[in-house]
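Chemist: Please find one structure pasted underneath; my questions will follow.
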Amino acid sequence: MGMTTAQKIFAAHLVDEPFAGTKVLSIDVVMCHEITTPIAIADLMARGKDRVFDPTKIKAVIDHVTPSKDSKTATQAKMLRDWARRHDIKDFFDIGANGVCHALFPEKGFIRPGNTVIMGDSHTCTHGAFGAFAAGVGTTDLEVGILKGVCAFREPKTIRVNLNGTLPKGVFAKDAILRVIGHLGVNGATDRVIEFGGPIVAQMTMESRMTLCNMAIEAGGTSGICMPDQVTVDYLWPFISGSFGSKEEALAAYSVWCSDADAAYEQVIDLDLSDLAPLCTFGYKPDQVKSVTEMAGTQVDQVYLGSCTNGRLEDLRVAAQILKGKKIASHVRAILSPATPQIYKDAVAEGLIQIFMDAGFCVTNPTCGACLGMSNGVLAEGEVCASTTNRNFMGRMGKGGMVHLLSPATAAASAIEGKIADPRNYL
Amino acid sequence: MKKFGGPALFLDRSDINTDEIIPAKYLTEITKEDLKPYLLEDLKLPGFDAKSEKTYGAGVVVTRANFGCGSSREHAPWVFEVNGINVVLAQSFARIFRQNMFNCGMAAIELTAEQIDRLFGFAGAADATVDVDVENGTLTIKGGGRQESMQFEISPFDKALVLAGGWVDYADSKY
């Protein structure tokens, strides 16, 4: 019997199996941000163990609230900054160079096929798009990761999701993952890896694959995973060209991580998305999904375009295509947060930022901010937001606020109409 | 061994997420103790009052499926810990929350739907209390003049974490 990508990665990183079913893995990339890391740092200091296992394998960024909004967030940023300097962590990204972790770190080429990745952030599953095992963990797991470079997991079973057919006009990776979550339910993949494949995924850019894997956690999944292929190699080439003689060589090396043809999946789900309509959530759980057609006309107070799910250049491009020459509805506030400085610069160079600002968008610096109701676009009681983010929990973007999750195209159409609107009418 | 359990707090809904356990706006606190006043602040349930003595006097949470879904924030177990809650009994948990509980030396115990229903049979008793023997996998609920015991299983690794007082101590001595 063959092995899945996750099984191969577990086998290659196994340090210890202290009990049957519990696998302690060596970790290739430990990622840190300023919300969940400071308490780990403080605990290590209190234990007299203020050390890091390998500063080259630790990546750190201030991204959740940046620039700091008050003394407390300034203290969190300072704790991470001081710690990164103290331990000579070269890959630390501060104001001016910082962006949303799950957009920034891939952009820097930090994640490679076959890697193990942890971070004190549930959307770490994003990095599985590169054929890695990438899991969100709590602060204690992060602390041990920083100190020892290991993390314990129950070996997850794998659910294979084949996205078949072709995505119709106006339908994107965000709609596809909402469809998958609607199918699996919010705990349908708990203790499971969701492996995405099929012709639609094969055609997807790395950005779209990251959107897919990003929301694996919304079905309870430990990691999303896409098979490394030519698209992966092309994306990583600027970072790996020194390590391989050719792209063919890189592809051959990375392909060893692909699931075997006879791999044992717990479940295989085939979804034909050829007739999929743009989707949108309607309740307080990410699996409460309806078509935009059904939701059209729902009034919104704010439109938010950004986050680790949908703040990348291709997201900005499609939204700008819809917004070009148009204005947002007079009663709507629209906010764009490009996910990284590079995305921001590219969007300026391509004229996208001009389009957003002409349409009436406020363009903020790269930050997680409003997605989790911490800054830069928090909702008031009773307000409704059409958002490209990943969670619609009650109060997520502000106490008493309602969030509808949707694609960047749907967000742009909704900004123009001031209510949830079908992007297919604009493309 | 540390005592697990205490007065029961019944939260009768599935999919209670970590934003409801501790809202993100309090993630700017940098000590666990500072989280204390914000326990379950955004949770809306019929008959549930986050600020009540019942909530703040609890030692164990009894709830339904997929408890602790959403964010990886360990602030969720911490806000329980600093308020004297060291066990959550549920039909199932989100993975990260469950691991965070054991990593902190606390217990996230999965029971069958039928066992959870039996525990909820005590929800009307103002004096409902649960004592949990993590080492031997048994618990007893008492309240309203009656009591019931049941068995459960946790993984040997999770039990080892509880006995070690958490993952940092365990890992530090071993790796």
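So you can find residues: chains in the structure tokens are A, B, ... in the order shown, residues in each start at 1, and ligands are numbered from 1 in order.
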Residues within 10 Å of Leu9 in chain B, please, as a list in words. Count only C-alpha atoms; anything in the same chain fewer than 6 positions from it doesn't count.
Modeler: Phe48, Lys54, Thr55, Tyr56, Gly57, Ala58, Gly59, Val60, Val61, Val62, Thr63, Ile85, Val88, Ala123, Ala126, Ala128, Thr129 and Val130 of chain B
Chemist: Please, which residues of chain B lie no more than 9 Å from chain A when the count uses only C-alpha atoms, and can they be set out as number ranges by chain?
Modeler: B: 15, 17, 19-20, 23-32, 42-43, 65-66, 69-75, 93-97, 99-100, 103-104, 155-157, 166-168, 171-172, 175
Chemist: If you count only C-alpha atoms, which residues fall within 8 Å of range 355-360 of chain A, apart from same-chain ones fewer than 4 positions away, as a list in words?
Modeler: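 In the requested format, the answer is Ala320, Leu323, Lys324, Gly325, Lys326, Lys327, Ile328, Ala334, Leu336 and Gly351 of chain A.
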Chemist: Any chance you could export the current selection's C-alpha atoms as a compact mmCIF listing (two decimals), in the first residue's frame?
Modeler:
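To be explicit, this is the file written out as part28.txt:
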# COMPACT_ATOMS: atom_id res chain seq x y z
CA ALA A 320 -9.90 45.89 -9.44
CA LEU A 323 -14.19 48.12 -9.68
CA LYS A 324 -12.46 49.89 -12.57
CA GLY A 325 -14.29 53.12 -13.40
CA LYS A 326 -16.95 52.47 -10.75
CA LYS A 327 -17.77 53.86 -7.32
CA ILE A 328 -18.71 51.99 -4.19
CA ALA A 334 -14.71 49.61 1.78
CA LEU A 336 -8.42 47.03 1.24
CA GLY A 351 -2.42 50.74 -11.23
Chemist: Please measure the separation of CA of Pro423 in chain A and CA of Thr410 in chain A, giving the value in Å to one decimal.
Modeler: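 We find that CA of Pro423 in chain A and CA of Thr410 in chain A lie 5.0 Å from each other.
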Chemist: Please extract the residues of range 73-105 of chain B with a backbone DSSP assignment of strand (DSSP E) and present them as JSON, numbers by chain.
Modeler: {"B": [87, 88, 89, 90]}
Chemist: Would you list the contacts of range 361-365 of chain A as a VMD selection string, taking every protein, DNA or RNA residue within 12 Å and counting only C-alpha atoms, but skipping same-chain residues closer than 4 positions in sequence?
Modeler: chain A and resid 63 to 67 95 to 100 302 to 307 311 316 319 to 320 323 to 324 326 to 330 332 to 345 347 to 348 352 to 357 369 to 370 375 to 377 411 to 412 415 to 416
Chemist: If you measure from CA of Phe93 in chain A to CA of Ala77 in chain A, what distance in Å do you get, rounded to one decimal?
Modeler: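 Between these atoms lies a distance of 10.9 Å.
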Chemist: So that I can check the surroundings of Phe4 in chain B, please list as JSON, numbers by chain every protein, DNA and RNA residue that reaches within 8 Å of it, counting only C-alpha atoms and ignoring chain neighbours fewer than 6 positions away.
Modeler: {"B": [59, 86, 87, 131, 132, 133, 134]}
Chemist: Once DSSP has gone over the backbone, tell me which residues of range 281-380 of chain A are in helix (DSSP H, G or I), as a PyMOL selection string.
Modeler: chain A and resi 292-295+307-310+313-323+341-349+352-359+369-372
Chemist: Write out, as a PDB file, in the first residue's frame, the residues just selected, with C-alpha atoms.
Modeler:
ATOM      1  CA  VAL A 292     -24.660  34.517  -3.960  1.00  0.00           C
ATOM      2  CA  THR A 293     -27.875  34.326  -5.980  1.00  0.00           C
ATOM      3  CA  GLU A 294     -29.756  33.322  -2.838  1.00  0.00           C
ATOM      4  CA  MET A 295     -27.979  35.934  -0.725  1.00  0.00           C
ATOM      5  CA  SER A 307      -6.247  38.682   5.004  1.00  0.00           C
ATOM      6  CA  CYS A 308      -4.246  35.476   4.707  1.00  0.00           C
ATOM      7  CA  THR A 309      -7.122  34.000   2.728  1.00  0.00           C
ATOM      8  CA  ASN A 310      -7.587  36.600  -0.009  1.00  0.00           C
ATOM      9  CA  LEU A 313      -2.134  40.061  -5.900  1.00  0.00           C
ATOM     10  CA  GLU A 314      -4.490  37.882  -7.954  1.00  0.00           C
ATOM     11  CA  ASP A 315      -7.264  38.743  -5.478  1.00  0.00           C
ATOM     12  CA  LEU A 316      -6.595  42.449  -5.894  1.00  0.00           C
ATOM     13  CA  ARG A 317      -6.471  42.073  -9.675  1.00  0.00           C
ATOM     14  CA  VAL A 318      -9.890  40.483 -10.012  1.00  0.00           C
ATOM     15  CA  ALA A 319     -11.471  42.949  -7.591  1.00  0.00           C
ATOM     16  CA  ALA A 320      -9.900  45.888  -9.437  1.00  0.00           C
ATOM     17  CA  GLN A 321     -11.137  44.512 -12.754  1.00  0.00           C
ATOM     18  CA  ILE A 322     -14.688  44.759 -11.380  1.00  0.00           C
ATOM     19  CA  LEU A 323     -14.190  48.116  -9.681  1.00  0.00           C
ATOM     20  CA  PRO A 341       4.429  45.121   1.128  1.00  0.00           C
ATOM     21  CA  GLN A 342       5.404  43.353  -2.120  1.00  0.00           C
ATOM     22  CA  ILE A 343       1.751  42.835  -3.039  1.00  0.00           C
ATOM     23  CA  TYR A 344       1.106  46.478  -2.186  1.00  0.00           C
ATOM     24  CA  LYS A 345       4.009  47.642  -4.388  1.00  0.00           C
ATOM     25  CA  ASP A 346       2.955  45.403  -7.263  1.00  0.00           C
ATOM     26  CA  ALA A 347      -0.610  46.677  -6.949  1.00  0.00           C
ATOM     27  CA  VAL A 348       0.669  50.250  -7.130  1.00  0.00           C
ATOM     28  CA  ALA A 349       2.798  49.440 -10.168  1.00  0.00           C
ATOM     29  CA  LEU A 352      -4.709  48.658  -9.019  1.00  0.00           C
ATOM     30  CA  ILE A 353      -4.414  50.887  -5.962  1.00  0.00           C
ATOM     31  CA  GLN A 354      -5.483  53.854  -8.068  1.00  0.00           C
ATOM     32  CA  ILE A 355      -8.605  51.930  -9.121  1.00  0.00           C
ATOM     33  CA  PHE A 356      -9.462  51.016  -5.526  1.00  0.00           C
ATOM     34  CA  MET A 357      -8.973  54.581  -4.303  1.00  0.00           C
ATOM     35  CA  ASP A 358     -10.909  56.086  -7.196  1.00  0.00           C
ATOM     36  CA  ALA A 359     -13.759  53.705  -6.349  1.00  0.00           C
ATOM     37  CA  GLY A 369      -6.260  43.729  11.850  1.00  0.00           C
ATOM     38  CA  ALA A 370      -9.938  43.680  11.053  1.00  0.00           C
ATOM     39  CA  CYS A 371     -10.228  39.965  10.226  1.00  0.00           C
ATOM     40  CA  LEU A 372     -10.252  39.129  13.905  1.00  0.00           C
TER      41      LEU A 372
END
Chemist: Fewer than 4 positions away in the same chain doesn't count, so skip those; otherwise give me all residues within 7 Å of range 105-120 of chain B, counting only C-alpha atoms, as number ranges by chain.
Modeler: B: 86-92, 98, 101, 152, 154, 161-162, 165-166
Chemist: Could you jot down the CA of Arg424 in chain A to CA of Lys169 in chain A separation for me, Å, one decimal place?
Modeler: 6.8 Å
